[in-house]
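Asks: Below is the file model-v6.txt, with compact mmCIF, C-alpha atoms.
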# COMPACT_ATOMS: atom_id res chain seq x y z
CA MET A 25 0.00 0.00 0.00
CA GLN A 26 1.42 3.37 -0.99
CA LEU A 27 1.50 6.25 1.46
CA SER A 28 -1.02 9.03 0.92
CA SER A 29 0.43 11.78 -1.21
CA THR A 30 -0.54 14.31 1.45
CA HIS A 31 2.09 12.94 3.85
CA THR A 32 5.67 13.93 4.30
CA ALA A 33 7.72 10.73 4.16
CA LEU A 34 8.32 9.47 7.69
CA ARG A 35 12.01 9.26 8.50
CA VAL A 36 13.27 5.83 9.54
CA ASP A 37 14.91 5.76 12.97
CA ARG A 38 17.28 2.92 13.83
CA PHE A 39 18.28 1.83 17.29
CA SER A 40 21.06 -0.65 17.99
CA GLY A 41 23.74 -1.55 20.45
CA SER A 42 23.99 -1.83 24.20
CA ASP A 43 20.52 -0.47 24.96
CA LEU A 44 18.96 -3.53 23.34
CA SER A 45 19.91 -7.21 23.42
CA PRO A 46 23.24 -8.99 23.77
CA GLN A 47 22.70 -10.00 20.15
CA ARG A 48 22.66 -6.26 19.28
CA SER A 49 19.20 -6.30 17.74
CA GLN A 50 18.60 -3.41 15.39
CA LEU A 51 15.13 -1.91 15.37
CA SER A 52 13.68 0.58 12.92
CA VAL A 53 10.35 2.39 12.91
CA LYS A 54 8.67 3.51 9.69
CA LEU A 55 5.39 3.75 7.85
CA ALA A 56 4.64 0.59 5.90
CA ASP A 57 5.20 1.50 2.24
CA THR A 58 4.67 -1.92 0.66
CA ARG A 59 1.83 -4.42 0.69
CA ALA A 60 4.19 -6.98 2.23
CA LEU A 61 4.83 -4.75 5.26
CA VAL A 62 1.11 -4.04 5.74
CA GLU A 63 0.38 -7.77 5.58
CA ALA A 64 3.17 -8.49 8.07
CA ALA A 65 1.54 -6.00 10.46
CA GLN A 66 -1.83 -7.68 9.96
CA ARG A 67 -0.29 -11.09 10.69
CA LEU A 68 1.24 -9.74 13.89
CA ARG A 69 -2.15 -8.36 14.91
CA TYR A 70 -3.72 -11.76 14.25
CA ARG A 71 -1.09 -13.50 16.37
CA VAL A 72 -1.65 -11.12 19.28
CA PHE A 73 -5.38 -10.49 19.13
CA VAL A 74 -6.63 -13.88 17.94
CA ASP A 75 -4.05 -16.53 18.82
CA GLU A 76 -3.00 -14.96 22.11
CA LEU A 77 -6.03 -13.02 23.33
CA GLY A 78 -8.80 -15.06 21.70
CA ALA A 79 -10.53 -12.35 19.69
CA SER A 80 -13.31 -13.48 17.38
CA ILE A 81 -12.81 -12.23 13.82
CA ASP A 82 -14.29 -13.32 10.51
CA ARG A 83 -11.05 -13.98 8.62
CA HIS A 84 -9.10 -17.21 8.96
CA ASP A 85 -6.09 -16.58 6.73
CA GLY A 86 -3.75 -15.60 9.54
CA ARG A 87 -4.32 -11.84 9.16
CA ASP A 88 -6.43 -9.36 11.14
CA VAL A 89 -8.04 -7.19 8.46
CA ASP A 90 -11.03 -4.87 8.50
CA GLN A 91 -12.59 -2.19 6.30
CA PHE A 92 -10.42 0.57 7.81
CA ASP A 93 -7.03 -0.92 6.92
CA ALA A 94 -6.92 0.20 3.29
CA LEU A 95 -7.32 3.85 4.31
CA CYS A 96 -4.96 3.78 7.30
CA ASP A 97 -1.26 4.46 7.57
CA HIS A 98 0.47 1.53 9.27
CA LEU A 99 3.36 2.28 11.59
CA VAL A 100 5.69 -0.69 12.00
CA VAL A 101 8.70 -1.49 14.14
CA ILE A 102 11.06 -3.91 12.40
CA ASP A 103 13.78 -6.10 13.85
CA GLU A 104 16.23 -5.55 11.00
CA GLN A 105 18.47 -8.51 11.86
CA ARG A 106 15.53 -10.90 11.72
CA ASP A 107 13.63 -9.02 8.98
CA LYS A 108 10.53 -9.21 11.14
CA VAL A 109 7.73 -6.81 12.10
CA VAL A 110 7.62 -6.84 15.91
CA GLY A 111 5.30 -3.90 16.63
CA THR A 112 2.56 -2.01 14.84
CA TYR A 113 0.12 0.87 15.22
CA ARG A 114 -2.31 2.11 12.60
CA ILE A 115 -3.52 5.66 12.04
CA LEU A 116 -6.70 6.69 10.24
CA PRO A 117 -6.22 10.28 8.97
CA PRO A 118 -9.21 12.61 8.56
CA TRP A 119 -9.19 12.33 4.75
CA GLY A 120 -9.25 8.54 5.01
CA ALA A 121 -12.21 8.68 7.37
CA ARG A 122 -14.05 11.04 5.04
CA LYS A 123 -13.49 8.71 2.10
CA LEU A 124 -14.73 5.73 4.09
CA GLY A 125 -17.58 7.68 5.68
CA GLN A 126 -16.84 6.34 9.14
CA ARG A 127 -14.25 6.15 11.92
CA TYR A 128 -13.49 3.05 13.93
CA CYS A 129 -14.65 4.73 17.13
CA GLU A 130 -18.12 5.12 15.60
CA THR A 131 -18.55 1.35 15.73
CA GLU A 132 -18.40 1.64 19.54
CA PHE A 133 -19.39 5.18 20.49
CA ARG A 134 -21.89 7.93 19.67
CA ILE A 135 -19.43 10.68 18.83
CA ASP A 136 -21.70 13.70 18.18
CA ALA A 137 -19.76 15.85 20.64
CA LEU A 138 -16.53 15.31 18.68
CA ARG A 139 -17.87 16.30 15.27
CA PRO A 140 -16.41 19.86 15.43
CA LEU A 141 -12.96 18.24 15.73
CA LEU A 142 -13.21 15.57 13.07
CA ASN A 143 -11.42 17.47 10.30
CA ASP A 144 -8.36 17.58 12.57
CA LEU A 145 -8.69 14.23 14.37
CA PHE A 146 -6.27 11.41 13.57
CA GLU A 147 -7.50 8.12 15.00
CA ALA A 148 -4.86 5.68 16.23
CA GLY A 149 -5.51 2.06 17.13
CA ARG A 150 -4.74 -1.65 16.77
CA ALA A 151 -1.48 -1.20 18.67
CA CYS A 152 0.32 -4.44 19.46
CA ILE A 153 3.81 -5.80 20.11
CA HIS A 154 5.16 -9.30 19.52
CA PRO A 155 5.14 -11.15 22.88
CA ALA A 156 8.91 -11.72 22.77
CA TYR A 157 9.53 -7.94 22.56
CA ARG A 158 7.39 -6.59 25.38
CA SER A 159 9.80 -6.44 28.27
CA GLY A 160 13.40 -6.81 29.33
CA GLN A 161 15.96 -6.44 26.59
CA HIS A 162 13.35 -5.69 23.92
CA GLY A 163 11.20 -3.31 25.99
CA ALA A 164 12.14 -0.41 23.70
CA VAL A 165 9.64 -1.44 20.99
CA LEU A 166 6.84 0.55 22.63
CA SER A 167 9.12 3.58 22.83
CA HIS A 168 9.86 3.23 19.11
CA LEU A 169 6.15 3.09 18.31
CA TRP A 170 5.62 6.30 20.28
CA SER A 171 8.60 7.93 18.60
CA GLY A 172 7.17 7.07 15.19
CA LEU A 173 3.69 8.25 16.16
CA GLY A 174 5.11 11.50 17.46
CA ARG A 175 7.06 12.17 14.29
CA TYR A 176 3.97 11.36 12.24
CA ALA A 177 2.00 13.85 14.32
CA SER A 178 4.64 16.53 13.81
CA GLN A 179 4.99 15.99 10.07
CA ASN A 180 1.22 15.98 9.49
CA ASN A 181 0.47 18.96 11.76
CA VAL A 182 -1.83 16.79 13.88
CA LYS A 183 -4.01 18.80 16.26
CA TYR A 184 -5.91 15.94 17.86
CA LEU A 185 -5.03 12.30 18.38
CA GLY A 186 -7.77 9.96 19.50
CA GLY A 187 -8.45 6.30 19.77
CA CYS A 188 -9.74 3.40 21.78
CA ALA A 189 -7.51 2.31 24.67
CA SER A 190 -8.39 -1.29 25.48
CA VAL A 191 -8.53 -2.97 28.87
CA PRO A 192 -8.87 -6.79 28.85
CA LEU A 193 -11.89 -8.20 30.68
CA ASP A 194 -10.42 -11.62 31.46
CA ALA A 195 -9.86 -10.62 35.09
CA GLY A 196 -13.52 -9.66 35.52
CA THR A 197 -15.03 -6.23 36.16
CA SER A 198 -13.68 -5.54 39.65
CA ASP A 199 -10.30 -4.24 38.45
CA LEU A 200 -12.03 -2.39 35.62
CA SER A 201 -14.32 -0.66 38.12
CA ALA A 202 -11.33 0.64 40.08
CA LEU A 203 -9.66 1.85 36.88
CA ARG A 204 -12.87 3.49 35.68
CA ALA A 205 -13.25 5.33 39.00
CA GLU A 206 -9.72 6.72 38.74
CA LEU A 207 -10.14 7.78 35.11
CA MET A 208 -13.51 9.44 35.75
CA THR A 209 -12.09 11.31 38.75
CA ARG A 210 -8.71 12.43 37.42
CA HIS A 211 -8.76 12.33 33.61
CA LEU A 212 -12.31 13.01 32.41
CA ALA A 213 -12.67 15.26 29.39
CA PRO A 214 -14.53 18.57 29.60
CA ILE A 215 -18.24 18.08 29.13
CA GLU A 216 -18.17 19.39 25.54
CA TYR A 217 -16.03 16.37 24.53
CA ARG A 218 -18.01 13.65 26.30
CA ILE A 219 -19.28 10.75 24.23
CA GLU A 220 -21.39 7.70 25.06
CA PRO A 221 -20.76 4.01 24.38
CA ILE A 222 -23.17 2.20 22.11
CA ARG A 223 -22.74 -0.92 24.26
CA GLY A 224 -21.66 -0.34 27.84
CA ILE A 225 -19.95 -2.75 30.23
CA PRO A 226 -22.43 -4.97 32.08
CA ASP A 227 -22.21 -5.71 35.80
CA LEU A 228 -19.68 -3.07 36.81
CA VAL A 229 -19.30 -3.22 40.59
CA SER A 230 -18.28 -0.57 43.08
CA PRO A 231 -14.47 -0.37 43.34
CA ASP A 232 -13.01 -1.88 46.49
CA GLY A 233 -10.38 0.82 46.93
CA GLY A 234 -7.54 -1.22 45.44
CA LYS A 235 -4.95 0.30 43.11
CA PRO A 236 -6.19 -0.20 39.55
CA SER A 237 -4.05 -1.83 36.91
CA MET A 238 -3.54 0.48 33.92
CA PRO A 239 -2.34 -0.72 30.49
CA ALA A 240 0.94 0.87 29.38
CA LEU A 241 -0.55 2.49 26.29
CA LEU A 242 -3.33 4.17 28.27
CA ARG A 243 -0.83 5.33 30.91
CA ALA A 244 1.33 6.91 28.20
CA TYR A 245 -1.62 8.81 26.72
CA LEU A 246 -2.62 10.16 30.13
CA ARG A 247 0.91 11.27 31.02
CA MET A 248 0.94 13.40 27.89
CA GLY A 249 -2.31 15.10 28.80
CA ALA A 250 -5.01 13.00 27.12
CA TRP A 251 -8.57 12.97 28.38
CA VAL A 252 -10.93 10.02 28.70
CA CYS A 253 -14.14 11.04 26.95
CA GLY A 254 -16.58 9.12 29.12
CA GLU A 255 -17.71 5.64 30.02
CA PRO A 256 -16.06 2.61 28.39
CA ALA A 257 -17.60 0.62 25.57
CA TRP A 258 -17.69 -3.16 25.49
CA ASP A 259 -15.98 -4.53 22.39
CA THR A 260 -17.54 -7.99 22.22
CA GLN A 261 -15.34 -9.08 19.30
CA PHE A 262 -12.15 -8.60 21.31
CA ASP A 263 -13.80 -8.91 24.76
CA VAL A 264 -12.22 -5.71 26.04
CA ALA A 265 -13.40 -2.48 27.59
CA ASP A 266 -12.52 0.43 25.32
CA PHE A 267 -12.02 3.91 26.73
CA PHE A 268 -11.95 6.60 24.08
CA VAL A 269 -9.01 8.89 24.75
CA LEU A 270 -8.52 12.30 23.17
CA LEU A 271 -5.16 14.07 23.10
CA PRO A 272 -5.19 17.75 22.04
CA VAL A 273 -1.56 18.08 20.99
CA GLN A 274 -1.36 21.74 22.02
CA ARG A 275 -2.34 20.68 25.56
CA MET A 276 0.84 18.64 26.04
CA ALA A 277 3.36 19.88 28.57
CA PRO A 278 6.51 21.20 26.81
CA ARG A 279 8.73 18.42 28.20
CA TYR A 280 6.43 15.77 26.75
CA ALA A 281 5.91 17.65 23.49
CA LYS A 282 9.67 17.94 22.99
CA HIS A 283 10.12 14.20 23.40
CA PHE A 284 6.98 13.06 21.57
CA LEU A 285 7.27 15.42 18.62
CA GLY A 286 10.94 14.82 17.98
CA GLY A 287 12.11 18.17 19.30
CA ALA A 288 9.21 20.32 18.11
CA THR A 289 7.22 21.96 20.91
CA THR A 290 4.66 23.59 18.60
CA LEU A 291 2.81 22.40 15.55
Could you render the structure from this file as structure tokens?

Replies:
Amino acid sequence: MQLSSTHTALRVDRFSGSDLSPQRSQLSVKLADTRALVEAAQRLRYRVFVDELGASIDRHDGRDVDQFDALCDHLVVIDEQRDKVVGTYRILPPWGARKLGQRYCETEFRIDALRPLLNDLFEAGRACIHPAYRSGQHGAVLSHLWSGLGRYASQNNVKYLGGCASVPLDAGTSDLSALRAELMTRHLAPIEYRIEPIRGIPDLVSPDGGKPSMPALLRAYLRMGAWVCGEPAWDTQFDVADFFVLLPVQRMAPRYAKHFLGGATTL
């Protein structure tokens, strides 16, 4: 798949040496610019979401594919020594959403309150990392994904990033209730950006006061100043609770903007 002509080509960043593995793995982050790279990202998504997490999808060819993929830009982290995609994140730009007539979040939320922002909203999602690269010597893959996303945001003058941050439901709703309480108390969006789930989470219980477990991706969004736009939706296909998070890029603290945007503090 070719990159949209409206993009500036995303620079490839390479990381190697002592900060990675004893085998000196070399990682690069880039936008997928060939069909083979897009399909490798889709196979990684299938491995994580279907084989590992048990998601129910219609396709059975070893790839996770939906109607949004053809109009998304696919960010990939590649282990260059193994010629292998080990992390991915996809981004639906506003012009892609207009062409499709829908955003992914609209399959889970009523987004009327966000319509004034839609011409400037880039929707990110389907983030995943190969299980062998999530911690320890390969823990930098997530950082590379964020570096690539930040550079993409800078090069495309992104004003708003949004997307569904997923929380697995395999531990039941008790932990989710504690997390929800914290998000609603500390990170809730202003009322003009609140949206409602089409399908809410059943049987949420009162939190027991325990410290909630927060997925790394959601934690990263919140540290940079993102809001949670309301109650979570239940994604029955993936059996997760999805919180819609909205990050106004201009709201980021300068120290985060400098890191995330590759040195640029303004857009």

Asks: Find the residue from A:Ala202, A:Ala151, A:Cys253, A:Val182 that sits nearest to Ala240 in chain A; use all atoms listed in the file when measuring.

Replies: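 Between A:Ala202, A:Ala151, A:Cys253, A:Val182, the residue approaching Ala240 in chain A most closely is A:Ala151.
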
Asks: My list of candidates is A:Trp119, A:Glu132, A:Ser52, A:His168. Which is closest to Glu104 in chain A when distances are computed with only C-alpha atoms?

Replies: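 Ranking A:Trp119, A:Glu132, A:Ser52, A:His168 by distance to Glu104 in chain A, first place goes to A:Ser52.
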
Asks: Determine the nearest neighbour of Tyr128 in chain A from the options A:Gln91, A:Thr260, A:Thr112, A:Ser167, counting all atoms listed in the file.

Replies: A:Gln91

Asks: What is the distance between CA of Leu270 in chain A and CA of Cys188 in chain A, in Å to one decimal?

Replies: 9.1 Å

Asks: Within 12 Å of (-13.9, 12.4, 4.5) (file coordinates; all atoms listed in the file), which protein or nucleic acid residues are there? I'd like them as a list in words.

Replies: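 With a cut-off of 12 Å, the residues come to Leu95, Leu116, Pro117, Pro118, Trp119, Gly120, Ala121, Arg122, Lys123, Leu124, Gly125, Gln126, Arg127, Leu142, Asn143, Asp144, Leu145 and Phe146 of chain A.
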
Asks: Using all atoms of range 167-177 of chain A that appear in the file, construct an axis-aligned enclosing box with 4 Å of padding on every side and provide its centre coordinates and edge lengths in Å, rounded to one decimal, as lines of an AutoDock Vina configuration file.

Replies:
center_x = 5.9
center_y = 8.5
center_z = 17.5
size_x = 15.9
size_y = 18.8
size_z = 18.6

Asks: Record the distance separating CA of Gly78 in chain A and CA of Ala148 in chain A, expressed in Å with one decimal.

Replies: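 Value for the CA of Gly78 in chain A-CA of Ala148 in chain A distance: 21.8 Å.
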
Asks: What is the CA of Leu271 in chain A to CA of Asp194 in chain A distance in Å?

Replies: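 Straight-line distance from CA of Leu271 in chain A to CA of Asp194 in chain A works out to 27.5 Å.
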
Asks: Write out as a ChimeraX atom specification each polymer residue whose atoms come within 6 Å of Cys96 in chain A, counting all atoms listed in the file; drop sequence neighbours fewer than 2 positions from it.

Replies: /A:93-94,115-116

Asks: I'd like to know which of A:Arg87, A:Val264, A:Gly172, A:Val269 is closest to Asp75 in chain A, using only C-alpha atoms.

Replies: A:Arg87

Asks: Calculated over only C-alpha atoms, which of the candidates A:Glu147, A:Asp263, A:Glu76, A:Asp82 has the smallest distance to Pro226 in chain A?

Replies: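 Checking each candidate against Pro226 in chain A, we get A:Asp263 as the closest.
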
Asks: Between A:Asp136, A:Asp107, A:Glu220, A:Asp88, which is the closest to Gly254 in chain A once you count all atoms listed in the file?

Replies: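 Counting all atoms listed in the file, the residue closest to Gly254 in chain A is A:Glu220.
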
Asks: I'd like the neighbourhood of Leu173 in chain A as a PyMOL selection string, where a residue qualifies if any of its atoms comes within 10 Å (using only C-alpha atoms), though same-chain residues fewer than 5 positions away should be ignored.

Replies: chain A and resi 34+53-55+99+113-115+148+167-168+178-179+185+284-286

Asks: Would you kindly identify which residues have an atom no farther than 7 Å from (-2.2, 2.2, 22.2), using only C-alpha atoms and the file's own coordinates, and write them out as a PDB file with C-alpha atoms, keeping the file's coordinate frame?

Replies:
ATOM      1  CA  GLY A 149      -5.510   2.060  17.130  1.00  0.00           C
ATOM      2  CA  ALA A 151      -1.480  -1.200  18.670  1.00  0.00           C
ATOM      3  CA  ALA A 189      -7.510   2.310  24.670  1.00  0.00           C
ATOM      4  CA  LEU A 241      -0.550   2.490  26.290  1.00  0.00           C
ATOM      5  CA  LEU A 242      -3.330   4.170  28.270  1.00  0.00           C
TER       6      LEU A 242
END
